[in-house]
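Trainee: A single structure is presented below for examination.
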Amino acid sequence: MGRNIVIETHDLIRIYGSITAVDKLNLTIYEGEIFGLLGPNGAGKTTTILMLMGLTEPTSGSISVMGYDPTREPLQVKRVAGYMPDSIGFYDYMTGRENLLYTASLNQIPMKEAERRADELLSRVGLKEASDCKVRGYSRGMRQRLGVADVLIKDPKILILDEPTLGIDPEGVKELLELIVKLSKEEGKTILISSHLLYQMQEICDRVGIFVKGKLMVCGKITDLAENISGEKECAVELIMKPFDVAAMEIIRSIDGVKDVYTQGAMLVADVQSDEIAVKINRELIERGYIIYHFRVRGYTLDDIYRQYFGEEGVTI
Amino acid sequence: MIKQKEVTVTSFDKGTKRGSSGGFYKVFIKELSDQLSSIRFLILFFLILVTGVASFYVAASSIRDTVEEMGNEFVFLRLFTTSGGSLPPFTSFLSFLGPLVGLSIGFDAINGEENRGTISRLLAQPIYRDDVINGKFLAGLAVLGMMTFALGGLVGGMGILLTGLPPTGEEILRLIIYLLISVVYMAFWLGLSVLFSLLFKQAATSALAGIAVWLLFTIFVPLLSGPVADLIYPIRGQDDIIGQLRNITLQQNLSRISPSTLYDEAVVAMLSPGVRTLGPILLEQIYGAVPGPLPLGQSLLLIWPHITGLVAGTLIIFGITYTIFLRREIRA
Ligand SMILES: Nc1ncnc2c1ncn2[C@@H]1O[C@H](COP(=O)(O)OP(=O)(O)OP(=O)(O)O)[C@@H](O)[C@H]1O
Ligand SMILES: [Mg+2]
């Protein structure tokens, strides 16, 4: 990953009447990284993105996107950055392909090249069969995929995606996240994603910034953030074993260093002080004749980090 | 999501170096083809076509009788203004339906994009904001122009076939000016509907607002100008010439607030060269006047204020729309 700065904001403020939607934001995003902008509803994520794209003016502060000021040189910014709004819409009386070609034409891409890119992207996002159907008949997820193709058609250096996984089924989400990682790692695109879906972001983001009420609370690698929360390397153990009974819970609880044991869906989860304790749990259970089907030590999740910064009620999954 | 008018926001895209983004042409072409293929435009066009052709046909069949009384001077133009018995003349149909076409083209120009969620995607492309508003407005104007001239050409040709009389050069010129004025008049309604599409979030609301203003201007303003004038300059008796004159002048000027009145008067002057004045005439003024049609230049002079009024109104409304749109904050 390069260390070139692609997006930088300095003391960015946006005030709506009495609401400060974005409060003194200082953000730095480097070339080639996937940056996750996380935060609960109304945190100011969309507002920040709109300012980056030059669609909304900041009340004060400065922004630089590849060296351009979105307020004064919006066209330059829009040439290098692709933006996918959270409520993406298309001309529903046109086909998916026609919608893409229109976007391409607005970007001054020659017709031949535009057609080539449109077809390639449509099959890339899995809309090849539907490409000549009117968007009117598309499902929510299909529109979202078309949205991805739409931002990619101008071959931007920066991708700004506002809640891109909204309304897509789990399989689709997986494909989309894979595509995003690929775009970043293989094609070197810088990607800024806003979301409130922690687990998804945890899987793909190089760095995240957690946003609450317009303020950036923390910013950095997820692992670093986790260590900030507590000095030690605490972790949780996921378990599925047979027989899955209360006695097992008691056994685990009696082990030194286990802080809590609870069920989570079909799993048993134990919060432990270190991963050595996790090994201990495993050994103990096997000695007692349990058969272990699933055993996983998980590090601190974003969930915990998130919770740390704005309490339980802000968590929306 | 709360949507709030932003007063503090300065114009977007009023940037430094301003070259052409090439976006205008692309937006224009798309809007043009959207309009021409939209069902709602086709329906209205068909309606105008059918009523126009029907009234024209009836006028053409009855024109033979009037030729004997009035001679065949400007017969070609009379085809447009003659009501053949039960059907109103062609000009009335165009004057009545034209605004509706204008309104139908523009009423969801902006809020349609907002409701579909395409506006933020559109403005995230490297084009200027004015490209969008200009492209939409001028595409609408182009559609109106094409429609009007196609219609005028069609019925004109029909007129020649039906009467067997070729139009004179002046008649053709007057017809072209008439069609141009019609385009301007419809453009006024187009501009108004685009403005409403910017002010109202729902397409239905902006359509209704447009129709309300249309009713106001075509029906209520002319209707109310009489009573209002009576209120200000009551006529005391038959001998009160000055009072009567003031009353009529005021009434006429009041009704000229309405672009429909301006248009109708302009059409009359343009297509009926016999009309020498649009205001009240005193008997003294008629003495000594040479009877006969006005030359084209004089007719134009007569309606010059009307034309500038219509053009100015359209430009002002478009200017307001343009300014609001450039300052509008776009939220998906
Ligand atoms: N036009 C506006 N007028 C007034 N307040 C606004 C306006 N736009 C946004 N806000 C306020 O700004 C704050 C931030 O909104 P924003 O849309 O940026 O949040 P978000 O982080 O994108 O939330 P979500 O996850 O729901 O999309 C909210 O409190 C919102 O009410
Ligand atoms: Mg948002």
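Chain labels run A, B, ... following the order of the structure tokens; each chain numbers its residues from 1, and ligands are numbered from 1 in the order shown.
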Determine which residues of chain B sit within 6 Å of chain A, taking into account only C-alpha atoms, and present them as a PyMOL selection string.

Mentor: chain B and resi 15+23+116-118+124-126+329

Trainee: Can I get the selected residues back with N, CA, C and O atoms, as a PDB file, in the first residue's frame?

Mentor:
ATOM      1  N   GLY B  15     -17.258  27.617 -10.287  1.00  0.00           N
ATOM      2  CA  GLY B  15     -15.874  27.375  -9.949  1.00  0.00           C
ATOM      3  C   GLY B  15     -14.918  28.348 -10.573  1.00  0.00           C
ATOM      4  O   GLY B  15     -15.286  29.404 -11.061  1.00  0.00           O
ATOM      5  N   GLY B  23     -21.281  18.251 -21.078  1.00  0.00           N
ATOM      6  CA  GLY B  23     -22.428  17.566 -20.479  1.00  0.00           C
ATOM      7  C   GLY B  23     -23.750  18.062 -21.025  1.00  0.00           C
ATOM      8  O   GLY B  23     -24.707  17.308 -21.110  1.00  0.00           O
ATOM      9  N   ARG B 116     -36.798   9.466  -8.162  1.00  0.00           N
ATOM     10  CA  ARG B 116     -36.186   8.240  -8.657  1.00  0.00           C
ATOM     11  C   ARG B 116     -34.822   8.006  -8.027  1.00  0.00           C
ATOM     12  O   ARG B 116     -34.279   6.917  -8.102  1.00  0.00           O
ATOM     13  N   GLY B 117     -34.260   9.061  -7.453  1.00  0.00           N
ATOM     14  CA  GLY B 117     -32.931   8.937  -6.856  1.00  0.00           C
ATOM     15  C   GLY B 117     -31.828   8.994  -7.891  1.00  0.00           C
ATOM     16  O   GLY B 117     -30.726   8.523  -7.664  1.00  0.00           O
ATOM     17  N   THR B 118     -32.135   9.587  -9.049  1.00  0.00           N
ATOM     18  CA  THR B 118     -31.110   9.657 -10.088  1.00  0.00           C
ATOM     19  C   THR B 118     -30.327  10.963 -10.031  1.00  0.00           C
ATOM     20  O   THR B 118     -29.257  11.056 -10.610  1.00  0.00           O
ATOM     21  N   ALA B 124     -23.122  13.550  -9.709  1.00  0.00           N
ATOM     22  CA  ALA B 124     -21.806  13.052  -9.308  1.00  0.00           C
ATOM     23  C   ALA B 124     -20.936  12.811 -10.541  1.00  0.00           C
ATOM     24  O   ALA B 124     -19.783  12.424 -10.415  1.00  0.00           O
ATOM     25  N   GLN B 125     -21.503  13.027 -11.721  1.00  0.00           N
ATOM     26  CA  GLN B 125     -20.721  12.890 -12.942  1.00  0.00           C
ATOM     27  C   GLN B 125     -20.060  14.228 -13.254  1.00  0.00           C
ATOM     28  O   GLN B 125     -20.547  15.278 -12.830  1.00  0.00           O
ATOM     29  N   PRO B 126     -18.973  14.208 -13.996  1.00  0.00           N
ATOM     30  CA  PRO B 126     -18.271  15.467 -14.271  1.00  0.00           C
ATOM     31  C   PRO B 126     -18.998  16.365 -15.262  1.00  0.00           C
ATOM     32  O   PRO B 126     -18.554  16.563 -16.390  1.00  0.00           O
ATOM     33  N   GLU B 329     -29.234  22.115  -2.355  1.00  0.00           N
ATOM     34  CA  GLU B 329     -28.379  21.033  -1.873  1.00  0.00           C
ATOM     35  C   GLU B 329     -28.978  19.712  -2.320  1.00  0.00           C
ATOM     36  O   GLU B 329     -30.181  19.498  -2.192  1.00  0.00           O
TER      37      GLU B 329
END

Trainee: Determine, using only C-alpha atoms and all ligand atoms, which residues of chain A have any atom at most 9 Å from an atom of ligand 1, and tabulate each with its shortest atom pair and distance in Å to one decimal place, rows ordered by chain and then rising number, as a Markdown table.

Mentor:
| residue | atom | partner | partner_atom_place_in_ligand_line | distance |
| --- | --- | --- | --- | --- |
| A:Arg14 | CA | ligand 1 | 12 (O) | 8.4 |
| A:Ile15 | CA | ligand 1 | 12 (O) | 7.8 |
| A:Tyr16 | CA | ligand 1 | 4 (C) | 4.7 |
| A:Gly17 | CA | ligand 1 | 4 (C) | 6.4 |
| A:Ser18 | CA | ligand 1 | 5 (N) | 8.2 |
| A:Ile19 | CA | ligand 1 | 5 (N) | 6.2 |
| A:Thr20 | CA | ligand 1 | 12 (O) | 6.8 |
| A:Ala21 | CA | ligand 1 | 12 (O) | 4.1 |
| A:Val22 | CA | ligand 1 | 14 (C) | 7.1 |
| A:Leu37 | CA | ligand 1 | 21 (O) | 8.9 |
| A:Leu38 | CA | ligand 1 | 21 (O) | 8.1 |
| A:Gly39 | CA | ligand 1 | 21 (O) | 6.2 |
| A:Pro40 | CA | ligand 1 | 25 (O) | 5.5 |
| A:Asn41 | CA | ligand 1 | 26 (O) | 3.4 |
| A:Gly42 | CA | ligand 1 | 19 (O) | 3.4 |
| A:Ala43 | CA | ligand 1 | 21 (O) | 3.7 |
| A:Gly44 | CA | ligand 1 | 18 (O) | 3.1 |
| A:Lys45 | CA | ligand 1 | 21 (O) | 3.6 |
| A:Thr46 | CA | ligand 1 | 22 (O) | 3.6 |
| A:Thr47 | CA | ligand 1 | 18 (O) | 3.7 |
| A:Thr48 | CA | ligand 1 | 18 (O) | 6.4 |
| A:Ile49 | CA | ligand 1 | 18 (O) | 8.0 |
| A:Leu50 | CA | ligand 1 | 18 (O) | 8.4 |
| A:Asp86 | CA | ligand 1 | 27 (O) | 7.4 |
| A:Asp162 | CA | ligand 1 | 22 (O) | 7.9 |
| A:Glu163 | CA | ligand 1 | 27 (O) | 7.7 |
| A:Ser194 | CA | ligand 1 | 22 (O) | 7.9 |
| A:Ser195 | CA | ligand 1 | 25 (O) | 6.9 |
| A:His196 | CA | ligand 1 | 25 (O) | 6.5 |
| A:Phe211 | CA | ligand 1 | 21 (O) | 7.8 |
| A:Val212 | CA | ligand 1 | 21 (O) | 8.3 |
| A:Lys213 | CA | ligand 1 | 29 (O) | 7.4 |
| A:Gly214 | CA | ligand 1 | 14 (C) | 6.9 |

Trainee: Using C-alpha atoms, can you write the selected residues to a file as a PDB file, in the first residue's frame?

Mentor:
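Dumped to part-v1.pdb:
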ATOM      1  CA  ARG A  14     -21.148  21.270   8.371  1.00  0.00           C
ATOM      2  CA  ILE A  15     -23.970  22.857  10.298  1.00  0.00           C
ATOM      3  CA  TYR A  16     -27.666  22.504   9.452  1.00  0.00           C
ATOM      4  CA  GLY A  17     -29.609  25.048  11.445  1.00  0.00           C
ATOM      5  CA  SER A  18     -28.945  23.980  15.004  1.00  0.00           C
ATOM      6  CA  ILE A  19     -27.598  20.542  14.108  1.00  0.00           C
ATOM      7  CA  THR A  20     -23.891  20.087  13.641  1.00  0.00           C
ATOM      8  CA  ALA A  21     -23.897  17.197  11.213  1.00  0.00           C
ATOM      9  CA  VAL A  22     -20.118  17.076  10.887  1.00  0.00           C
ATOM     10  CA  LEU A  37     -16.664   5.170   7.831  1.00  0.00           C
ATOM     11  CA  LEU A  38     -18.716   3.685  10.624  1.00  0.00           C
ATOM     12  CA  GLY A  39     -21.400   5.171  12.737  1.00  0.00           C
ATOM     13  CA  PRO A  40     -25.016   4.928  13.760  1.00  0.00           C
ATOM     14  CA  ASN A  41     -27.850   6.601  11.866  1.00  0.00           C
ATOM     15  CA  GLY A  42     -27.534  10.351  11.695  1.00  0.00           C
ATOM     16  CA  ALA A  43     -23.855  10.300  12.563  1.00  0.00           C
ATOM     17  CA  GLY A  44     -22.955  12.456   9.590  1.00  0.00           C
ATOM     18  CA  LYS A  45     -21.516   9.851   7.240  1.00  0.00           C
ATOM     19  CA  THR A  46     -23.588  10.806   4.225  1.00  0.00           C
ATOM     20  CA  THR A  47     -23.012  14.500   4.868  1.00  0.00           C
ATOM     21  CA  THR A  48     -19.266  13.927   4.910  1.00  0.00           C
ATOM     22  CA  ILE A  49     -19.412  12.005   1.662  1.00  0.00           C
ATOM     23  CA  LEU A  50     -21.534  14.659  -0.026  1.00  0.00           C
ATOM     24  CA  ASP A  86     -27.185   5.198  -0.403  1.00  0.00           C
ATOM     25  CA  ASP A 162     -22.542   4.981   0.828  1.00  0.00           C
ATOM     26  CA  GLU A 163     -24.019   1.879   2.467  1.00  0.00           C
ATOM     27  CA  SER A 194     -19.802   4.168   4.848  1.00  0.00           C
ATOM     28  CA  SER A 195     -21.777   1.652   6.793  1.00  0.00           C
ATOM     29  CA  HIS A 196     -23.232   0.749  10.118  1.00  0.00           C
ATOM     30  CA  PHE A 211     -18.278   8.500  13.809  1.00  0.00           C
ATOM     31  CA  VAL A 212     -20.720   9.538  16.477  1.00  0.00           C
ATOM     32  CA  LYS A 213     -22.883  12.678  16.330  1.00  0.00           C
ATOM     33  CA  GLY A 214     -20.644  14.274  13.734  1.00  0.00           C
TER      34      GLY A 214
END

Trainee: Quick one: pull the distance between CA of Asp169 (chain A) and CA of Ser120 (chain B), Å, one decimal.

Mentor: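 The value is 24.6 Å.
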
Trainee: Choose the residue, out of A:Ala247, A:Ala266, A:Leu161, A:Val6, that has the smallest atom-to-atom separation from ligand 2; count only C-alpha atoms and all ligand atoms.

Mentor: A:Leu161

Trainee: Would you please extract all helix (DSSP H, G or I) residues from region 99-217 of chain B, as assigned by DSSP on the backbone, and give them as number ranges by chain?

Mentor: B: 99-106, 111-116, 119-123, 129-163, 169-199, 203-217
